[in-house]
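final.txt follows (compact mmCIF, C-alpha atoms):
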```
# COMPACT_ATOMS: atom_id res chain seq x y z
CA MET N 1 27.47 47.88 160.35
CA LYS N 2 27.04 48.89 163.94
CA LYS N 3 24.19 51.41 163.67
CA GLU N 4 20.80 51.82 162.08
CA LEU N 5 21.19 52.99 158.50
CA ASN N 6 19.58 56.38 159.09
CA GLU N 7 22.02 57.14 161.92
CA TYR N 8 24.98 57.43 159.55
CA GLN N 9 25.86 60.98 158.57
CA THR N 10 27.92 59.80 155.58
CA LEU N 11 27.70 56.84 153.22
CA ILE N 12 30.85 56.11 151.20
CA PHE N 13 30.46 53.84 148.18
CA ASP N 14 32.98 51.94 146.16
CA CYS N 15 31.91 51.89 142.52
CA ASP N 16 32.92 48.64 140.80
CA GLY N 17 30.94 45.74 142.18
CA VAL N 18 28.81 48.00 144.37
CA ILE N 19 27.12 50.66 142.22
CA LEU N 20 28.00 49.16 138.84
CA ASN N 21 28.37 45.52 137.82
CA SER N 22 31.73 46.39 136.31
CA ASN N 23 34.31 44.11 137.93
CA LYS N 24 34.26 41.67 135.02
CA VAL N 25 34.42 44.57 132.56
CA LYS N 26 37.68 45.71 134.12
CA THR N 27 39.11 42.21 134.52
CA GLU N 28 38.61 41.51 130.81
CA ALA N 29 39.99 44.95 129.91
CA PHE N 30 43.18 44.33 131.90
CA TYR N 31 43.72 41.05 130.07
CA ASN N 32 42.97 42.44 126.61
CA SER N 33 45.12 45.53 127.08
CA VAL N 34 48.31 43.51 127.61
CA VAL N 35 47.67 40.15 125.91
CA SER N 36 49.93 41.27 123.06
CA TYR N 37 52.82 40.81 125.54
CA GLY N 38 51.82 37.19 126.03
CA ARG N 39 48.92 35.29 127.55
CA ASP N 40 50.81 34.21 130.66
CA GLY N 41 51.73 37.78 131.50
CA ALA N 42 48.18 38.97 130.83
CA GLN N 43 46.77 36.30 133.14
CA ALA N 44 49.32 37.22 135.81
CA LEU N 45 48.07 40.82 135.62
CA VAL N 46 44.47 39.63 135.94
CA ASN N 47 45.40 37.61 139.03
CA TYR N 48 47.10 40.64 140.56
CA HIS N 49 44.12 42.85 139.69
CA ILE N 50 41.68 40.49 141.40
CA GLU N 51 43.92 40.06 144.45
CA TYR N 52 44.23 43.83 144.83
CA GLY N 53 40.73 45.01 144.00
CA GLY N 54 40.29 48.72 144.64
CA VAL N 55 43.87 49.64 143.70
CA SER N 56 44.24 52.04 140.75
CA ARG N 57 45.02 50.97 137.19
CA PHE N 58 48.23 53.03 137.33
CA LYS N 59 49.69 50.89 140.09
CA LYS N 60 48.51 47.70 138.40
CA PHE N 61 50.17 48.53 135.09
CA ASP N 62 53.31 49.62 136.96
CA TYR N 63 53.30 46.16 138.54
CA PHE N 64 52.80 44.50 135.16
CA PHE N 65 55.81 46.11 133.56
CA GLU N 66 58.17 46.14 136.54
CA HIS N 67 57.37 42.79 138.19
CA ILE N 68 55.73 40.60 135.54
CA LEU N 69 57.80 41.73 132.54
CA GLY N 70 60.73 42.81 134.70
CA ARG N 71 61.40 46.11 133.01
CA LYS N 72 60.37 49.74 132.89
CA ALA N 73 57.88 50.87 130.26
CA SER N 74 58.52 53.96 128.21
CA GLU N 75 56.02 56.77 128.70
CA LEU N 76 54.64 56.14 125.21
CA GLU N 77 54.24 52.41 125.84
CA PHE N 78 52.62 52.92 129.25
CA ASN N 79 50.17 55.48 127.90
CA ALA N 80 49.24 53.23 124.98
CA VAL N 81 48.31 50.41 127.36
CA LEU N 82 46.35 52.81 129.56
CA GLU N 83 44.46 54.14 126.56
CA LYS N 84 43.58 50.67 125.27
CA TYR N 85 42.35 49.70 128.74
CA ALA N 86 40.34 52.93 129.15
CA GLU N 87 38.59 52.53 125.79
CA GLU N 88 37.39 49.03 126.62
CA VAL N 89 36.37 49.99 130.15
CA ARG N 90 34.39 52.98 128.95
CA ARG N 91 32.32 50.83 126.60
CA GLY N 92 31.60 48.40 129.41
CA LEU N 93 30.74 51.04 132.01
CA LEU N 94 28.18 52.58 129.70
CA SER N 95 26.29 49.31 129.34
CA CYS N 96 26.79 47.27 132.54
CA ASP N 97 24.04 46.84 135.15
CA ILE N 98 23.40 49.53 137.75
CA ALA N 99 22.63 48.40 141.28
CA GLU N 100 18.93 48.25 142.01
CA GLY N 101 17.68 50.08 145.07
CA LEU N 102 19.74 53.29 144.92
CA SER N 103 16.66 55.55 144.83
CA GLU N 104 15.05 53.60 147.65
CA LEU N 105 18.21 53.74 149.75
CA ARG N 106 18.50 57.48 149.14
CA GLU N 107 14.97 57.91 150.51
CA LEU N 108 15.93 55.94 153.61
CA THR N 109 19.01 58.10 154.24
CA THR N 110 17.79 61.61 153.41
CA GLU N 111 19.95 63.22 156.11
CA SER N 112 23.20 61.54 155.07
CA THR N 113 25.80 62.72 152.56
CA TRP N 114 26.72 60.20 149.86
CA LEU N 115 30.06 60.10 148.08
CA VAL N 116 32.04 57.70 145.90
CA ALA N 117 35.63 56.64 146.68
CA SER N 118 36.80 54.44 143.83
CA GLY N 119 39.96 52.97 142.39
CA GLY N 120 38.64 53.89 138.95
CA ALA N 121 39.81 56.96 137.05
CA GLN N 122 38.08 60.01 138.49
CA GLU N 123 37.33 61.91 135.28
CA GLU N 124 36.16 58.74 133.53
CA LEU N 125 33.93 57.91 136.49
CA ARG N 126 32.37 61.37 136.64
CA ASP N 127 31.62 61.27 132.93
CA ILE N 128 30.03 57.81 133.17
CA PHE N 129 27.94 58.83 136.19
CA ASP N 130 26.70 61.91 134.32
CA LYS N 131 25.75 59.87 131.28
CA ARG N 132 23.99 57.21 133.37
CA ASP N 133 22.13 59.74 135.55
CA LEU N 134 23.89 58.69 138.77
CA THR N 135 25.61 61.94 139.74
CA LYS N 136 22.41 63.21 141.39
CA PHE N 137 22.81 60.69 144.22
CA PHE N 138 26.31 61.75 145.25
CA ALA N 139 26.22 65.32 146.53
CA GLY N 140 29.41 64.61 148.49
CA GLY N 141 31.32 64.05 145.26
CA ILE N 142 32.73 61.32 143.01
CA TYR N 143 36.42 60.64 143.62
CA GLY N 144 38.91 58.25 142.05
CA SER N 145 42.43 57.70 140.77
CA PRO N 146 45.10 58.80 140.31
CA THR N 147 44.51 59.67 143.99
CA ALA N 148 44.58 56.43 146.01
CA LYS N 149 41.40 55.43 147.81
CA ASP N 150 42.87 55.80 151.30
CA ILE N 151 44.11 59.28 150.44
CA ILE N 152 40.67 60.20 149.06
CA VAL N 153 39.04 59.22 152.35
CA GLU N 154 41.69 61.04 154.38
CA GLN N 155 41.25 64.20 152.30
CA GLN N 156 37.47 64.14 152.60
CA LEU N 157 37.67 63.63 156.36
CA LEU N 158 40.03 66.58 156.69
CA ALA N 159 37.67 68.69 154.56
CA ASP N 160 34.73 67.68 156.81
CA ASN N 161 33.01 66.22 153.76
CA ILE N 162 32.90 62.89 155.61
CA GLN N 163 31.08 63.32 158.90
CA LEU N 164 31.06 60.56 161.49
CA PRO N 165 29.48 58.15 161.99
CA ALA N 166 30.13 56.98 158.45
CA LEU N 167 29.52 53.70 156.63
CA PHE N 168 31.78 52.44 153.82
CA ILE N 169 30.03 50.07 151.39
CA GLY N 170 32.53 47.98 149.43
CA ASP N 171 33.28 44.63 147.86
CA SER N 172 37.04 44.14 148.32
CA ARG N 173 39.62 43.56 151.02
CA PHE N 174 41.17 46.94 150.25
CA ASP N 175 37.83 48.67 150.79
CA HIS N 176 37.69 47.20 154.29
CA ILE N 177 41.32 48.05 155.00
CA VAL N 178 40.62 51.69 154.13
CA ALA N 179 37.48 51.77 156.27
CA LYS N 180 39.31 50.24 159.22
CA GLN N 181 42.23 52.67 158.84
CA PHE N 182 39.87 55.60 159.41
CA ASP N 183 37.53 53.93 161.93
CA LEU N 184 34.58 53.78 159.54
CA ASP N 185 31.89 51.13 159.79
CA PHE N 186 31.93 48.70 156.88
CA LEU N 187 29.50 46.61 154.87
CA PHE N 188 30.40 44.01 152.23
CA VAL N 189 28.12 43.65 149.21
CA THR N 190 28.80 40.31 147.60
CA ASP N 191 26.80 39.66 144.41
CA TRP N 192 29.29 41.25 142.01
CA SER N 193 32.48 40.91 144.05
CA GLU N 194 35.54 39.11 142.66
CA PHE N 195 37.12 38.76 146.13
CA VAL N 196 37.64 34.98 146.21
CA SER N 197 38.12 34.75 149.99
CA LEU N 198 35.35 37.20 150.87
CA SER N 199 33.28 34.83 153.03
CA ASP N 200 36.22 33.67 155.14
CA TYR N 201 37.61 37.18 155.40
CA ALA N 202 34.27 38.65 156.46
CA GLU N 203 33.73 35.90 159.03
CA SER N 204 37.19 36.32 160.55
CA ASN N 205 36.70 40.10 160.77
CA LYS N 206 33.07 39.82 161.95
CA LEU N 207 31.75 41.89 159.06
CA LEU N 208 28.18 42.05 157.80
CA CYS N 209 27.68 40.80 154.23
CA LEU N 210 24.62 41.52 152.10
CA PRO N 211 24.07 40.56 148.47
CA ASN N 212 23.47 44.05 147.08
CA ILE N 213 22.16 47.58 147.64
CA LYS N 214 18.54 46.50 147.32
CA SER N 215 18.99 43.97 150.13
CA LEU N 216 20.40 46.76 152.33
CA CYS N 217 17.10 48.61 151.95
CA ARG N 218 15.20 45.52 153.11
CA PHE N 219 17.70 44.84 155.90
CA ASN N 220 17.07 48.28 157.31
CA SER N 221 13.27 48.11 157.09
```
Can I see the file as structure tokens?
Amino acid sequence: MKKELNEYQTLIFDCDGVILNSNKVKTEAFYNSVVSYGRDGAQALVNYHIEYGGVSRFKKFDYFFEHILGRKASELEFNAVLEKYAEEVRRGLLSCDIAEGLSELRELTTESTWLVASGGAQEELRDIFDKRDLTKFFAGGIYGSPTAKDIIVEQQLLADNIQLPALFIGDSRFDHIVAKQFDLDFLFVTDWSEFVSLSDYAESNKLLCLPNIKSLCRFNS
């Protein structure tokens, strides 16, 4: 984070682990959705999911079938796994904690546009945000898979929906990679992250880490 918070014209938020305490919800859902194929394979998918936080469920289940099981899934089989995963995730997203400090941060950044760029399913995310009264914060839109996060950011830049300078707030390596790709400033929030090597990664890349959104409000004051 190279500027004062109120100097950023756009704030881009990841969802899981940043706005919602939902990383564990999704980790458990990945395991449960494929455990019928065997515990070892389910754990291998969990490991891949954690290693590649921010990547869509579609790519992760593709990896499960093609690289862990070593075969292609039929369309029916693939959709059944997706549906089982989505049902469990939806229950968790409706009940997990919401980051404290969003209203306060919005008041500190009244001139900036906020948007969400997530690896989560876009329609699912928009529905959850509506039901949990979060949509009002994100006038710039709520975007997710099947469009990849880097493509989302590229599209919103081309549409002038992301104005520079912009700050990406994330909790995964992939979030930072996307921010760096498009020359966006980056902030790690750490409390809910599952990125095992976050501290070392942030130190080696000279990135600011804060525990959560509420601490960002205090950091800026």
* Nearest to N:Cys217 by atom-to-atom distance, counting only C-alpha atoms, from N:Gly41, N:Gly17, N:Gly101, N:Gly141 -> N:Gly101
* Residue nearest N:Phe168 among N:Gly54, N:Phe188, N:Lys24, N:Glu77 (counting only C-alpha atoms) -> N:Phe188
* To do: Report the distance between atom CA of N:Glu88 and atom CA of N:Val34 in Å, rounded to one decimal place.
  =>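 The value is 12.3 Å.
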* Non-local contacts of stretch 63-75 of chain N (12 Å; all atoms listed in the file; under 3 positions in same chain excluded) as a PyMOL selection string -> chain N and resi 30-31+33-35+37-49+52+55-60+78-82
* Asked: Nearest to N:Asp16 among N:Leu208, N:Tyr201, N:Trp192, N:Ile142, with distances taken over all atoms listed in the file: which residue is it?
  -> N:Trp192
* **Selected residue, from N:Arg132, N:Lys180, N:Arg106, N:Lys26, that lies nearest to N:Gly119 when counting all atoms listed in the file** => N:Lys26
* Structure fact -> Using all atoms listed in the file, the residue out of N:Thr147, N:Ser197, N:Ser103, N:Ser95 with shortest distance to N:Lys214 is N:Ser103
* Find the spatial neighbours of stretch 154-158 of chain N, counting all atoms listed in the file, within a cut-off of 12 Å - ignore same-chain residues fewer than 6 positions away - and output them as a PyMOL selection string. => chain N and resi 10+12+113-117+140-143+147-148+164-166+178-179+181-184
Axis-aligned box over every listed atom of stretch 36-39 of chain N, padded by 3 Å per side: centre and edges in Å to one decimal, as JSON?
```
{"center_x": 50.9, "center_y": 38.3, "center_z": 125.3, "size_x": 9.9, "size_y": 12.0, "size_z": 10.5}
```
* Structure fact -> Separating atom CA of N:Cys209 from atom CA of N:Phe174, to the nearest tenth of an Å, is a gap of 15.3 Å
* Straight-line distance linking atom CA of N:Ala99 with atom CA of N:Thr190, stated in Å to one decimal ->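 Spanning atom CA of N:Ala99 to atom CA of N:Thr190 is a straight-line distance of 12.0 Å.
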* **Spatial neighbours of N:Phe195, max dist 8 Å, only C-alpha atoms, sep filter under 6 positions, as an NGL selection string** => :N and (50-51 or 53 or 171-173)
* To do: Using only C-alpha atoms, find the one residue out of N:Cys15, N:Ile177, N:Ile213, N:Ala121 that sits nearest to N:Glu100.
  =>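 Closest to N:Glu100 of all the choices is N:Ile213.
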* Contacts of N:Leu5 within 9 Å, all atoms listed in the file, excl. fewer than 4 positions in-chain, as a list in words ->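 Contacts, in chain order: Met1, Leu108, Thr109, Leu167, Leu216, Cys217 and Asn220 of chain N.
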